[in-house]
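Source file: upload_23.txt; contents: compact mmCIF, C-alpha atoms.
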# COMPACT_ATOMS: atom_id res chain seq x y z
CA MET A 168 44.04 -38.96 50.20
CA THR A 169 44.28 -38.15 53.93
CA ASN A 170 42.33 -41.25 54.99
CA LYS A 171 44.89 -43.42 53.17
CA LYS A 172 47.65 -42.03 55.34
CA ILE A 173 48.67 -42.91 58.88
CA SER A 174 49.29 -40.45 61.70
CA THR A 175 52.71 -39.96 63.31
CA ARG A 176 51.28 -41.78 66.36
CA GLN A 177 50.48 -44.86 64.27
CA PHE A 178 53.90 -44.52 62.65
CA ALA A 179 55.52 -44.65 66.10
CA ILE A 180 53.37 -47.62 67.17
CA LEU A 181 54.32 -49.50 64.00
CA TYR A 182 57.96 -48.83 64.89
CA ALA A 183 57.56 -50.08 68.45
CA MET A 184 55.65 -53.20 67.37
CA ALA A 185 57.96 -54.05 64.50
CA SER A 186 61.10 -53.71 66.60
CA THR A 187 59.86 -55.89 69.46
CA ALA A 188 60.35 -59.23 67.65
CA PRO A 189 63.97 -58.53 66.70
CA ILE A 190 64.61 -57.17 70.21
CA ILE A 191 63.29 -60.35 71.83
CA MET A 192 65.46 -62.31 69.40
CA VAL A 193 68.61 -60.17 69.51
CA ILE A 194 69.00 -58.78 73.00
CA PRO A 195 69.34 -61.85 75.20
CA THR A 196 71.13 -64.10 72.70
CA TYR A 197 73.65 -61.73 71.12
CA ILE A 198 74.29 -59.41 74.04
CA ALA A 199 74.63 -61.88 76.92
CA GLY A 200 77.76 -63.54 75.52
CA ARG A 201 79.71 -60.34 75.01
CA ALA A 202 78.44 -57.79 77.51
CA LYS A 203 77.72 -60.34 80.30
CA ASN A 204 76.46 -58.55 83.45
CA ASP A 205 76.50 -55.21 81.64
CA SER A 206 73.93 -56.22 79.02
CA TRP A 207 71.61 -53.46 80.18
CA ILE A 208 74.35 -50.87 79.50
CA SER A 209 74.69 -52.26 75.96
CA ALA A 210 70.93 -51.97 75.48
CA ILE A 211 70.99 -48.33 76.60
CA LEU A 212 73.94 -47.55 74.30
CA GLY A 213 72.14 -49.22 71.39
CA ALA A 214 69.00 -47.24 72.20
CA LEU A 215 71.01 -44.01 72.12
CA THR A 216 72.06 -44.85 68.54
CA GLY A 217 68.38 -45.21 67.66
CA LEU A 218 67.68 -41.86 69.33
CA ALA A 219 70.40 -40.20 67.25
CA VAL A 220 68.87 -41.58 64.04
CA ILE A 221 65.40 -40.34 65.07
CA LEU A 222 66.79 -36.84 65.75
CA LEU A 223 68.70 -36.76 62.45
CA MET A 224 65.67 -37.91 60.47
CA ASN A 225 63.49 -35.39 62.30
CA TYR A 226 65.92 -32.65 61.27
CA ILE A 227 65.53 -33.69 57.61
CA THR A 228 61.78 -34.32 57.56
CA LYS A 229 61.02 -31.10 59.44
CA ARG A 230 62.34 -29.24 56.39
CA ARG A 231 61.02 -31.69 53.78
CA HIS A 232 57.92 -33.76 54.48
CA GLU A 233 58.66 -36.34 51.77
CA SER A 234 59.66 -39.97 51.56
CA LEU A 235 63.35 -40.76 51.93
CA CYS A 236 63.48 -41.74 48.22
CA GLU A 237 62.28 -38.29 47.15
CA ILE A 238 64.69 -36.61 49.56
CA CYS A 239 67.62 -38.70 48.24
CA GLU A 240 66.81 -37.88 44.61
CA SER A 241 66.41 -34.22 45.41
CA ILE A 242 69.55 -33.77 47.52
CA LEU A 243 71.95 -36.31 45.96
CA THR A 244 70.79 -35.75 42.34
CA LYS A 245 68.62 -38.24 40.48
CA PRO A 246 71.21 -40.83 39.29
CA VAL A 247 72.93 -41.03 42.70
CA GLY A 248 69.53 -41.08 44.42
CA LYS A 249 68.40 -44.00 42.25
CA ALA A 250 71.63 -45.89 43.04
CA VAL A 251 71.09 -45.31 46.77
CA GLU A 252 67.49 -46.53 46.43
CA ALA A 253 68.70 -49.69 44.65
CA VAL A 254 71.18 -50.44 47.46
CA TYR A 255 68.51 -49.94 50.13
CA LEU A 256 66.00 -52.03 48.17
CA VAL A 257 68.41 -54.97 48.08
CA TRP A 258 69.17 -54.52 51.78
CA CYS A 259 65.50 -54.33 52.74
CA PHE A 260 64.84 -57.55 50.79
CA LEU A 261 67.69 -59.20 52.70
CA MET A 262 66.31 -58.00 56.04
CA MET A 263 62.81 -59.08 55.12
CA SER A 264 63.96 -62.56 54.13
CA LEU A 265 66.00 -62.77 57.35
CA PHE A 266 62.93 -62.02 59.47
CA ILE A 267 60.84 -64.50 57.43
CA HIS A 268 63.43 -67.17 58.11
CA TYR A 269 63.61 -66.38 61.84
CA TYR A 270 59.82 -66.44 62.08
CA SER A 271 59.37 -69.80 60.37
CA GLU A 272 62.32 -71.43 62.16
CA ARG A 273 61.00 -70.32 65.53
CA ILE A 274 57.46 -71.53 64.88
CA VAL A 275 58.65 -74.87 63.54
CA SER A 276 61.12 -75.47 66.36
CA THR A 277 58.76 -74.48 69.18
CA LEU A 278 55.10 -74.82 68.26
CA LEU A 279 54.74 -76.99 65.16
CA PRO A 280 57.65 -79.45 65.09
CA ASN A 281 56.05 -81.68 62.47
CA CYS A 282 55.46 -78.89 59.95
CA THR A 283 57.79 -77.67 57.25
CA THR A 284 58.93 -74.05 57.17
CA GLU A 285 57.29 -73.64 53.74
CA PHE A 286 53.91 -74.56 55.22
CA VAL A 287 54.26 -71.92 57.98
CA ASN A 288 55.54 -69.38 55.46
CA PHE A 289 52.56 -69.92 53.18
CA PHE A 290 50.07 -68.81 55.85
CA MET A 291 52.17 -65.77 56.75
CA PHE A 292 52.31 -64.98 53.02
CA LEU A 293 48.49 -65.05 52.80
CA LEU A 294 48.11 -62.89 55.92
CA LEU A 295 50.64 -60.33 54.69
CA ALA A 296 49.11 -60.23 51.21
CA LEU A 297 45.64 -59.61 52.64
CA SER A 298 46.78 -56.79 54.91
CA LEU A 299 49.15 -55.15 52.41
CA LYS A 300 46.49 -55.09 49.69
CA ASN A 301 44.34 -52.91 51.97
CA GLY A 302 47.09 -50.33 52.32
CA ILE A 303 48.98 -49.09 55.32
CA SER A 304 46.09 -47.18 56.89
CA ALA A 305 44.01 -50.33 57.57
CA SER A 306 46.93 -52.23 59.07
CA GLY A 307 48.06 -49.10 60.92
CA ARG A 308 44.68 -48.95 62.67
CA MET A 309 44.77 -52.68 63.44
CA ILE A 310 48.27 -52.55 64.91
CA ASN A 311 47.29 -49.42 66.84
CA PHE A 312 44.55 -51.41 68.55
CA ILE A 313 46.68 -54.51 69.13
CA PHE A 314 49.51 -52.47 70.64
CA GLY A 315 47.52 -51.69 73.82
CA VAL A 316 46.74 -55.36 74.46
CA PHE A 317 50.27 -56.35 73.47
CA SER A 318 51.93 -53.88 75.87
CA PHE A 319 49.65 -54.87 78.75
CA ILE A 320 50.36 -58.62 78.34
CA PHE A 321 54.07 -58.01 77.86
CA ILE A 322 54.52 -55.77 80.91
CA MET A 323 52.33 -58.00 83.13
CA LEU A 324 54.26 -61.13 82.17
CA SER A 325 57.58 -59.40 82.79
CA LEU A 326 56.44 -58.13 86.21
CA VAL A 327 54.99 -61.47 87.28
CA ASN A 328 58.16 -63.16 86.07
CA GLY A 329 60.43 -60.76 87.92
CA VAL A 330 58.74 -60.66 91.34
CA GLY A 331 60.79 -62.72 93.79
CA ARG A 332 63.03 -64.18 91.08
CA LEU A 333 65.15 -61.20 90.11
CA ASP A 334 68.72 -61.45 91.30
CA TYR A 335 70.58 -58.14 91.17
CA ASN A 336 73.91 -59.95 91.28
CA ASN A 337 73.25 -61.02 87.69
CA LEU A 338 73.25 -57.38 86.58
CA LEU A 339 76.00 -56.04 88.84
CA PRO A 340 78.82 -54.98 89.21
CA VAL A 341 78.75 -52.32 86.54
CA PHE A 342 81.50 -52.58 83.88
CA ASN A 343 82.32 -56.16 84.80
CA ALA A 344 82.82 -56.92 81.08
CA ASP A 345 85.42 -55.13 79.01
CA LEU A 346 84.41 -51.97 77.18
CA LYS A 347 84.97 -53.60 73.78
CA GLY A 348 82.45 -56.33 74.58
CA ILE A 349 79.87 -53.77 75.68
CA LEU A 350 80.36 -51.65 72.56
CA THR A 351 80.31 -54.57 70.08
CA SER A 352 77.15 -55.98 71.61
CA SER A 353 75.50 -52.56 71.54
CA VAL A 354 75.87 -52.63 67.72
CA SER A 355 73.35 -55.47 67.41
CA CYS A 356 70.96 -53.70 69.76
CA GLY A 357 71.45 -50.34 68.01
CA SER A 358 70.73 -51.83 64.60
CA VAL A 359 67.32 -52.97 65.87
CA PHE A 360 66.51 -49.56 67.34
CA CYS A 361 67.46 -48.02 63.97
CA ILE A 362 64.70 -49.90 62.10
CA ILE A 363 62.78 -46.63 62.23
CA PHE A 364 65.19 -45.24 59.64
CA PHE A 365 63.85 -47.63 56.97
CA MET A 366 60.31 -46.55 57.80
CA TYR A 367 61.09 -43.07 56.48
CA PHE A 368 61.04 -44.63 52.99
CA PHE A 369 57.24 -44.44 53.20
CA TYR A 370 57.08 -41.15 55.08
CA ASP A 371 54.91 -39.70 52.29
CA ASP A 372 52.16 -41.99 53.67
CA VAL A 373 52.36 -40.25 57.07
CA THR A 374 50.31 -37.12 57.76
CA ASN A 375 52.15 -33.88 58.38
CA ASP A 376 50.96 -33.30 61.95
CA LYS A 377 52.46 -31.76 65.07
CA GLY A 378 53.80 -34.96 66.65
CA LYS A 379 56.65 -35.41 64.19
CA LEU A 380 59.31 -35.68 66.86
CA LYS A 381 57.20 -36.34 69.93
CA ASN A 382 55.55 -39.56 68.70
CA PRO A 383 58.68 -41.32 67.37
CA LEU A 384 60.34 -40.43 70.69
CA LYS A 385 57.44 -42.03 72.56
CA GLY A 386 57.90 -45.17 70.43
CA TRP A 387 61.59 -45.12 71.25
CA ILE A 388 60.90 -44.85 75.00
CA PHE A 389 58.46 -47.79 74.80
CA LEU A 390 61.10 -49.82 73.02
CA LEU A 391 63.75 -48.93 75.58
CA ILE A 392 61.44 -50.04 78.39
CA PHE A 393 60.68 -53.29 76.50
CA SER A 394 64.34 -54.06 75.99
CA LEU A 395 65.22 -53.38 79.64
CA LEU A 396 62.30 -55.56 80.76
CA ILE A 397 63.56 -58.36 78.50
CA ILE A 398 67.03 -58.09 80.05
CA LEU A 399 65.60 -58.11 83.59
CA SER A 400 63.39 -61.10 82.71
CA THR A 401 66.22 -63.16 81.27
CA ILE A 402 69.73 -62.19 82.37
CA GLY A 403 68.40 -60.70 85.63
CA ILE A 404 66.84 -64.03 86.60
CA VAL A 405 69.10 -66.82 85.37
CA GLY A 406 72.33 -64.94 84.61
CA TYR A 407 74.17 -64.41 81.35
CA GLY A 408 75.83 -67.84 81.37
CA ALA A 409 72.53 -69.70 81.11
CA VAL A 410 70.99 -67.19 78.68
CA MET A 411 73.93 -67.60 76.28
CA ASN A 412 73.13 -71.30 75.85
CA MET A 413 69.37 -70.94 75.31
CA SER A 414 67.77 -70.82 71.86
CA PHE A 415 64.83 -68.60 72.85
CA PRO A 416 65.74 -67.31 76.33
CA TYR A 417 62.83 -64.94 76.93
CA PHE A 418 60.16 -67.52 76.14
CA GLU A 419 61.92 -70.38 77.87
CA ILE A 420 62.13 -68.35 81.10
CA ILE A 421 58.62 -66.90 80.88
CA LYS A 422 57.21 -70.41 80.35
CA ASN A 423 58.60 -71.45 83.72
CA ILE A 424 57.01 -68.71 85.83
CA PRO A 425 56.02 -70.41 89.14
CA ALA A 426 52.77 -68.40 89.37
CA PHE A 427 51.58 -70.06 86.14
CA ALA A 428 52.72 -73.57 87.06
CA LYS A 429 49.15 -74.89 87.24
CA VAL A 430 47.84 -73.05 84.19
CA ASN A 431 48.01 -75.26 81.15
CA ARG A 432 48.95 -73.96 77.71
CA PHE A 433 49.28 -70.36 78.79
CA GLU A 434 52.43 -70.13 76.67
CA SER A 435 50.19 -69.82 73.61
CA LEU A 436 49.54 -66.26 74.87
CA ILE A 437 53.26 -65.54 74.71
CA TYR A 438 53.61 -67.03 71.26
CA SER A 439 50.69 -64.94 70.04
CA ILE A 440 52.61 -61.82 71.15
CA TRP A 441 55.61 -62.96 69.21
CA VAL A 442 53.66 -63.83 66.05
CA VAL A 443 51.92 -60.42 66.09
CA SER A 444 55.27 -58.71 66.43
CA ASP A 445 56.70 -60.88 63.63
CA PHE A 446 53.77 -59.96 61.45
CA SER A 447 54.43 -56.25 62.12
CA VAL A 448 58.11 -56.42 61.19
CA LEU A 449 57.37 -58.40 58.02
CA PHE A 450 54.56 -56.01 57.11
CA ILE A 451 56.84 -53.01 57.58
CA PHE A 452 59.69 -54.41 55.49
CA SER A 453 57.33 -55.56 52.70
CA TYR A 454 55.79 -52.09 52.59
CA ILE A 455 59.23 -50.44 52.58
CA CYS A 456 60.31 -52.64 49.64
CA MET A 457 57.12 -51.73 47.76
CA SER A 458 57.64 -48.02 48.45
CA ILE A 459 61.24 -48.11 47.19
CA GLU A 460 60.21 -50.14 44.12
CA LYS A 461 57.56 -47.58 43.29
CA ARG A 462 60.02 -44.73 43.30
CA LEU A 463 62.95 -46.63 41.78
CA PHE A 464 61.01 -48.00 38.81
CA CYS A 465 58.63 -44.98 38.50
CA LEU A 466 55.53 -47.14 39.05
CA LYS A 467 51.96 -45.90 39.24
CA ASP A 468 50.65 -47.96 42.15
CA LYS A 469 52.71 -49.66 44.83
CA LEU A 470 49.93 -51.92 46.14
CA THR A 471 49.84 -53.81 42.82
CA PHE A 472 53.34 -55.01 43.66
CA THR A 473 52.32 -56.79 46.86
CA PHE A 474 52.52 -60.32 45.47
CA PRO A 475 55.82 -60.01 43.56
CA THR A 476 57.48 -58.36 46.58
CA LEU A 477 56.27 -61.02 48.99
CA LEU A 478 57.16 -63.86 46.62
CA MET A 479 60.65 -62.45 46.20
CA GLY A 480 61.09 -62.11 49.98
CA PHE A 481 59.97 -65.68 50.64
CA ALA A 482 62.09 -67.06 47.80
CA LEU A 483 65.17 -65.19 49.09
CA SER A 484 64.63 -66.53 52.60
CA GLU A 485 64.81 -70.05 51.13
CA LEU A 486 67.92 -69.25 49.11
CA ILE A 487 70.11 -67.22 51.45
CA TYR A 488 69.27 -68.43 54.92
CA ARG A 489 68.91 -72.14 54.32
CA ASP A 490 71.63 -73.08 56.77
CA GLN A 491 70.84 -72.09 60.39
CA PHE A 492 74.47 -72.21 61.55
CA LEU A 493 75.63 -70.04 58.65
CA LEU A 494 72.78 -67.61 59.31
CA GLU A 495 73.81 -67.14 62.95
CA GLN A 496 77.41 -66.51 61.94
CA ILE A 497 76.39 -64.00 59.25
CA ALA A 498 74.01 -62.22 61.63
CA LYS A 499 76.58 -62.05 64.44
CA ASN A 500 79.47 -60.84 62.32
CA TYR A 501 78.03 -58.81 59.47
CA LEU A 502 74.28 -58.18 59.30
CA PHE A 503 73.86 -56.00 62.38
CA THR A 504 76.99 -53.96 61.73
CA ILE A 505 76.10 -53.30 58.07
CA ASN A 506 72.54 -52.48 59.07
CA LEU A 507 73.72 -49.94 61.64
CA ILE A 508 76.12 -48.33 59.15
CA LEU A 509 73.40 -48.09 56.50
CA CYS A 510 70.97 -46.54 58.98
CA ALA A 511 73.39 -44.01 60.42
CA ALA A 512 75.35 -43.07 57.29
CA LEU A 513 72.59 -41.88 54.97
CA PRO A 514 71.02 -39.26 57.28
CA ILE A 515 74.46 -37.76 57.96
CA VAL A 516 75.34 -37.70 54.24
CA LEU A 517 71.95 -36.19 53.40
CA ILE A 518 72.33 -33.42 55.97
CA LEU A 519 75.91 -32.59 54.89
CA VAL A 520 75.19 -32.62 51.14
CA GLY A 521 71.85 -30.88 51.68
CA LYS A 522 73.57 -28.05 53.57
CA LEU A 523 76.33 -27.78 50.95
CA ARG A 524 73.85 -27.69 48.07
CA LYS A 525 71.41 -25.52 50.07
CA LYS A 526 68.61 -28.04 49.61
CA LEU A 527 67.90 -28.42 53.32
CA MET B 66 57.04 -77.06 48.73
CA THR B 67 58.27 -77.85 45.25
CA THR B 68 59.18 -75.26 42.64
CA PHE B 69 56.08 -76.28 40.72
CA VAL B 70 53.82 -75.30 43.64
CA PHE B 71 55.66 -72.00 44.00
CA ILE B 72 55.15 -71.25 40.30
CA LEU B 73 51.49 -72.20 40.69
CA ILE B 74 51.12 -69.70 43.57
CA ALA B 75 52.84 -67.03 41.44
CA ALA B 76 50.43 -67.75 38.58
CA VAL B 77 47.44 -67.40 40.92
CA CYS B 78 48.86 -64.06 42.12
CA CYS B 79 49.10 -62.88 38.50
CA VAL B 80 45.48 -63.87 37.88
CA ILE B 81 44.33 -62.00 41.02
CA ASP B 82 46.25 -58.89 39.97
CA SER B 83 45.29 -59.07 36.28
CA LYS B 84 42.58 -56.38 36.54
CA ARG B 85 44.89 -53.95 38.32
CA LEU B 86 47.69 -54.71 35.86
CA ILE B 87 45.50 -53.99 32.84
CA ALA B 88 44.68 -50.61 34.36
CA CYS B 89 48.38 -49.91 35.02
CA GLY B 90 50.90 -48.80 32.41
CA GLY B 91 53.17 -51.01 30.30
CA ARG B 92 56.17 -50.30 32.55
CA ASP B 93 54.29 -51.54 35.61
CA ARG B 94 53.29 -54.73 33.80
CA ALA B 95 56.87 -55.37 32.64
CA ILE B 96 58.35 -54.83 36.12
CA TYR B 97 55.63 -56.99 37.67
CA ILE B 98 56.37 -59.90 35.34
CA ILE B 99 60.15 -59.51 35.77
CA LEU B 100 59.77 -59.60 39.57
CA ILE B 101 57.49 -62.65 39.48
CA ILE B 102 59.83 -64.55 37.13
CA SER B 103 62.86 -63.56 39.26
CA ALA B 104 61.12 -64.80 42.41
CA CYS B 105 60.36 -68.15 40.74
CA ALA B 106 63.96 -68.41 39.51
CA VAL B 107 65.35 -67.61 42.98
CA TYR B 108 63.10 -70.23 44.53
CA ALA B 109 64.08 -72.84 41.92
CA VAL B 110 67.79 -72.14 42.57
CA SER B 111 67.22 -72.38 46.33
CA GLN B 112 65.76 -75.85 45.90
CA ILE B 113 68.75 -77.07 43.87
CA ASN B 114 71.15 -75.42 46.30
CA SER B 115 69.65 -76.94 49.43
CA THR B 116 69.85 -80.46 48.06
CA ALA B 117 73.45 -79.97 46.98
CA MET B 118 74.50 -78.35 50.28
CA LEU B 119 72.97 -81.04 52.43
CA GLY B 120 74.63 -83.69 50.30
CA THR B 121 71.54 -85.88 50.35
CA PHE B 122 70.83 -88.46 47.72
CA GLN B 123 68.04 -90.90 47.24
CA PHE B 124 68.75 -94.56 46.93
CA GLY B 125 65.95 -97.05 46.71
CA GLY B 126 63.44 -94.55 48.10
CA VAL B 127 65.52 -93.85 51.25
CA THR B 128 67.19 -90.45 51.72
CA HIS B 129 70.77 -90.73 53.05

Re-express the file's structure as structure tokens.
Amino acid sequence: MTNKKISTRQFAILYAMASTAPIIMVIPTYIAGRAKNDSWISAILGALTGLAVILLMNYITKRRHESLCEICESILTKPVGKAVEAVYLVWCFLMMSLFIHYYSERIVSTLLPNCTTEFVNFFMFLLLALSLKNGISASGRMINFIFGVFSFIFIMLSLVNGVGRLDYNNLLPVFNADLKGILTSSVSCGSVFCIIFFMYFFYDDVTNDKGKLKNPLKGWIFLLIFSLLIILSTIGIVGYGAVMNMSFPYFEIIKNIPAFAKVNRFESLIYSIWVVSDFSVLFIFSYICMSIEKRLFCLKDKLTFTFPTLLMGFALSELIYRDQFLLEQIAKNYLFTINLILCAALPIVLILVGKLRKKL
Amino acid sequence: MTTFVFILIAAVCCVIDSKRLIACGGRDRAIYIILIISACAVYAVSQINSTAMLGTFQFGGVTH
């Protein structure tokens, strides 16, 4: 059974890879408007929320090396545990369909303008089905390998972009925006950092090794560096006013690096980074949905449910997020806040009830 | 993609998984079929919804 599991290191890499796509999407667009020059403070505050969730989950899993479903059923009793699982299953389907929609919209509006979103979705569906059918260990190894290349390209592009173009006036003075703006924008950033919480739903597929806290913390540090680099590469160069009005700020700014002015089609390299990260986040949420389904419906094998889970995710993305304007309003006002509450509330409840019932 | 194509893809998925499903228990099979049918229903509803929301209608082969 051990070879079907992933190590805590691979777990952390999956976290870092999966969170990069939402961070590229969320940080410049949602933060710039509210936190303005202090966007980097919002990112750090959001990251601290993620750190708190990691520490809380480490406290629980150190005592019980089980999936979050098993922990919920054990601590909150079986009926309440099942109800909690049902809520999180619905939420994970919503998140999965949101990321599917963002992925297809982005590809269609930037790379393949003459294609339909369904056509793009179909190929992602095939890719996800192939990788999910082989289990998490195969994809864990693949993403482990890709992460090195991914990080190198990402950091190099950010450095090349920043040299000579970075204007510190765009990031200073500190606390130029009001505190409310900084805090509200840190919610969207924090909800992305908290994606690791959902990954504990398949923690029974992670080996019980020594790096339980160390490796997720490393993933968190990587993610913090990524998010700060994104802020420096966007708001640090053109200012929050311009970033606010861009659809895909990071890629629009990276595409115009003067050093690459004479290199044709190098932006395909950037898009490949984004697609790999999109694949990771979709893979993670599909696998989380399958893991919750297995426990909720007492199924024998979760991998059998790859196709129904993916079909449901793709169908939901067509149903709920059909209207782009509505989607942006929902995401800005509700999705990130609810996501953060769901991620932060359950660990606290589990620890409190677990201590009261002496199950932790 | 029409609802028919989506249902066709779902049917192909069922065929691919048929061996695994036979080996699984009755509960697994039931949940599998319920999920597949729900996904098809959701997709069908999304297609109706999108047309209604956009307010498009066809007249003489031209979409307005």

Select all residues from chain B having any atom no more than 8 Å from an atom of chain A (counting only C-alpha atoms, ignoring ligands), output as a list in words.
-> Met66, Ala75, Cys78, Asp82, Arg85, Leu86, Cys89, Gly90, Arg92, Asp93, Ile96, Tyr97, Leu100, Ile101, Ser103, Ala104, Cys105, Val107, Tyr108, Val110, Ser111, Gln112, Asn114 and Ser115 of chain B

Save the residues we just selected, C-alpha atoms, as a PDB file, in the coordinates of the input?
ATOM      1  CA  MET B  66      57.040 -77.060  48.730  1.00  0.00           C
ATOM      2  CA  ALA B  75      52.840 -67.030  41.440  1.00  0.00           C
ATOM      3  CA  CYS B  78      48.860 -64.060  42.120  1.00  0.00           C
ATOM      4  CA  ASP B  82      46.250 -58.890  39.970  1.00  0.00           C
ATOM      5  CA  ARG B  85      44.890 -53.950  38.320  1.00  0.00           C
ATOM      6  CA  LEU B  86      47.690 -54.710  35.860  1.00  0.00           C
ATOM      7  CA  CYS B  89      48.380 -49.910  35.020  1.00  0.00           C
ATOM      8  CA  GLY B  90      50.900 -48.800  32.410  1.00  0.00           C
ATOM      9  CA  ARG B  92      56.170 -50.300  32.550  1.00  0.00           C
ATOM     10  CA  ASP B  93      54.290 -51.540  35.610  1.00  0.00           C
ATOM     11  CA  ILE B  96      58.350 -54.830  36.120  1.00  0.00           C
ATOM     12  CA  TYR B  97      55.630 -56.990  37.670  1.00  0.00           C
ATOM     13  CA  LEU B 100      59.770 -59.600  39.570  1.00  0.00           C
ATOM     14  CA  ILE B 101      57.490 -62.650  39.480  1.00  0.00           C
ATOM     15  CA  SER B 103      62.860 -63.560  39.260  1.00  0.00           C
ATOM     16  CA  ALA B 104      61.120 -64.800  42.410  1.00  0.00           C
ATOM     17  CA  CYS B 105      60.360 -68.150  40.740  1.00  0.00           C
ATOM     18  CA  VAL B 107      65.350 -67.610  42.980  1.00  0.00           C
ATOM     19  CA  TYR B 108      63.100 -70.230  44.530  1.00  0.00           C
ATOM     20  CA  VAL B 110      67.790 -72.140  42.570  1.00  0.00           C
ATOM     21  CA  SER B 111      67.220 -72.380  46.330  1.00  0.00           C
ATOM     22  CA  GLN B 112      65.760 -75.850  45.900  1.00  0.00           C
ATOM     23  CA  ASN B 114      71.150 -75.420  46.300  1.00  0.00           C
ATOM     24  CA  SER B 115      69.650 -76.940  49.430  1.00  0.00           C
TER      25      SER B 115
END

Determine the nearest neighbour of Tyr501 of chain A from the options A:Ile362, A:Val354, A:Met192, A:Val516, counting all atoms listed in the file.
-> A:Val354

Residues at most 12 Å from Phe312 of chain A, counting only C-alpha atoms, excluding those fewer than 2 positions away in the same chain, as a list in words?
->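 So, after excluding close chain neighbours, the residues are Arg176, Gln177, Ile180, Leu181, Met184, Ala305, Ser306, Gly307, Arg308, Met309, Ile310, Phe314, Gly315, Val316, Phe317, Ser318, Phe319 and Val443 of chain A.
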
Enter the distance from atom CA of Phe368 of chain A to atom CA of Ser234 of chain A, in Å, rounded to one decimal.
->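 Result for atom CA of Phe368 of chain A versus atom CA of Ser234 of chain A: 5.1 Å, one decimal.
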
Interatomic distance between atom CA of Asn337 of chain A and atom CA of Lys203 of chain A?
->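 Those two atoms sit 8.7 Å apart.
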
Return the single residue from A:Lys385, A:Arg462, A:Lys499, A:Arg524 that is closest to Ile198 of chain A, with distances computed using only C-alpha atoms.
-> A:Lys499

Please measure the separation of atom CA of Met323 of chain A and atom CA of Ala214 of chain A, giving the value in Å to one decimal.
-> 22.7 Å

Rank A:Leu513, A:Cys259, A:Leu278, A:Leu493 by their smallest atom-to-atom distance to Cys239 of chain A, using all atoms listed in the file, and report the top residue only.
->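 Using all atoms listed in the file, the shortest distance to Cys239 of chain A belongs to A:Leu513.
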
Please return segment 238-248 of chain A, rebuilt to N, CA, C and O atoms, as a CSV table (one decimal), keeping the file's coordinate frame.
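Saved file out15.csv follows:
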chain,number,residue,atom,x,y,z
A,238,ILE,N,63.6,-37.5,49.0
A,238,ILE,CA,64.7,-36.6,49.6
A,238,ILE,C,66.1,-36.9,49.0
A,238,ILE,O,66.8,-36.1,48.6
A,239,CYS,N,66.3,-38.3,48.8
A,239,CYS,CA,67.6,-38.7,48.2
A,239,CYS,C,67.8,-38.2,46.8
A,239,CYS,O,68.8,-37.6,46.5
A,240,GLU,N,66.7,-38.3,46.0
A,240,GLU,CA,66.8,-37.9,44.6
A,240,GLU,C,67.0,-36.4,44.5
A,240,GLU,O,67.6,-35.9,43.6
A,241,SER,N,66.3,-35.7,45.4
A,241,SER,CA,66.4,-34.2,45.4
A,241,SER,C,67.8,-33.7,45.9
A,241,SER,O,68.3,-32.8,45.3
A,242,ILE,N,68.3,-34.3,46.9
A,242,ILE,CA,69.6,-33.8,47.5
A,242,ILE,C,70.8,-34.3,46.8
A,242,ILE,O,71.7,-33.6,46.5
A,243,LEU,N,70.7,-35.7,46.5
A,243,LEU,CA,72.0,-36.3,46.0
A,243,LEU,C,71.9,-36.4,44.4
A,243,LEU,O,72.8,-37.1,43.9
A,244,THR,N,71.1,-35.7,43.8
A,244,THR,CA,70.8,-35.8,42.3
A,244,THR,C,70.1,-37.1,42.0
A,244,THR,O,70.3,-38.1,42.7
A,245,LYS,N,69.5,-37.1,40.8
A,245,LYS,CA,68.6,-38.2,40.5
A,245,LYS,C,69.4,-39.5,40.3
A,245,LYS,O,69.0,-40.6,40.9
A,246,PRO,N,70.5,-39.5,39.5
A,246,PRO,CA,71.2,-40.8,39.3
A,246,PRO,C,71.8,-41.4,40.6
A,246,PRO,O,71.6,-42.6,40.9
A,247,VAL,N,72.4,-40.5,41.4
A,247,VAL,CA,72.9,-41.0,42.7
A,247,VAL,C,71.8,-41.5,43.6
A,247,VAL,O,71.9,-42.5,44.3
A,248,GLY,N,70.7,-40.7,43.6
A,248,GLY,CA,69.5,-41.1,44.4
A,248,GLY,C,69.0,-42.4,44.0
A,248,GLY,O,68.7,-43.3,44.9
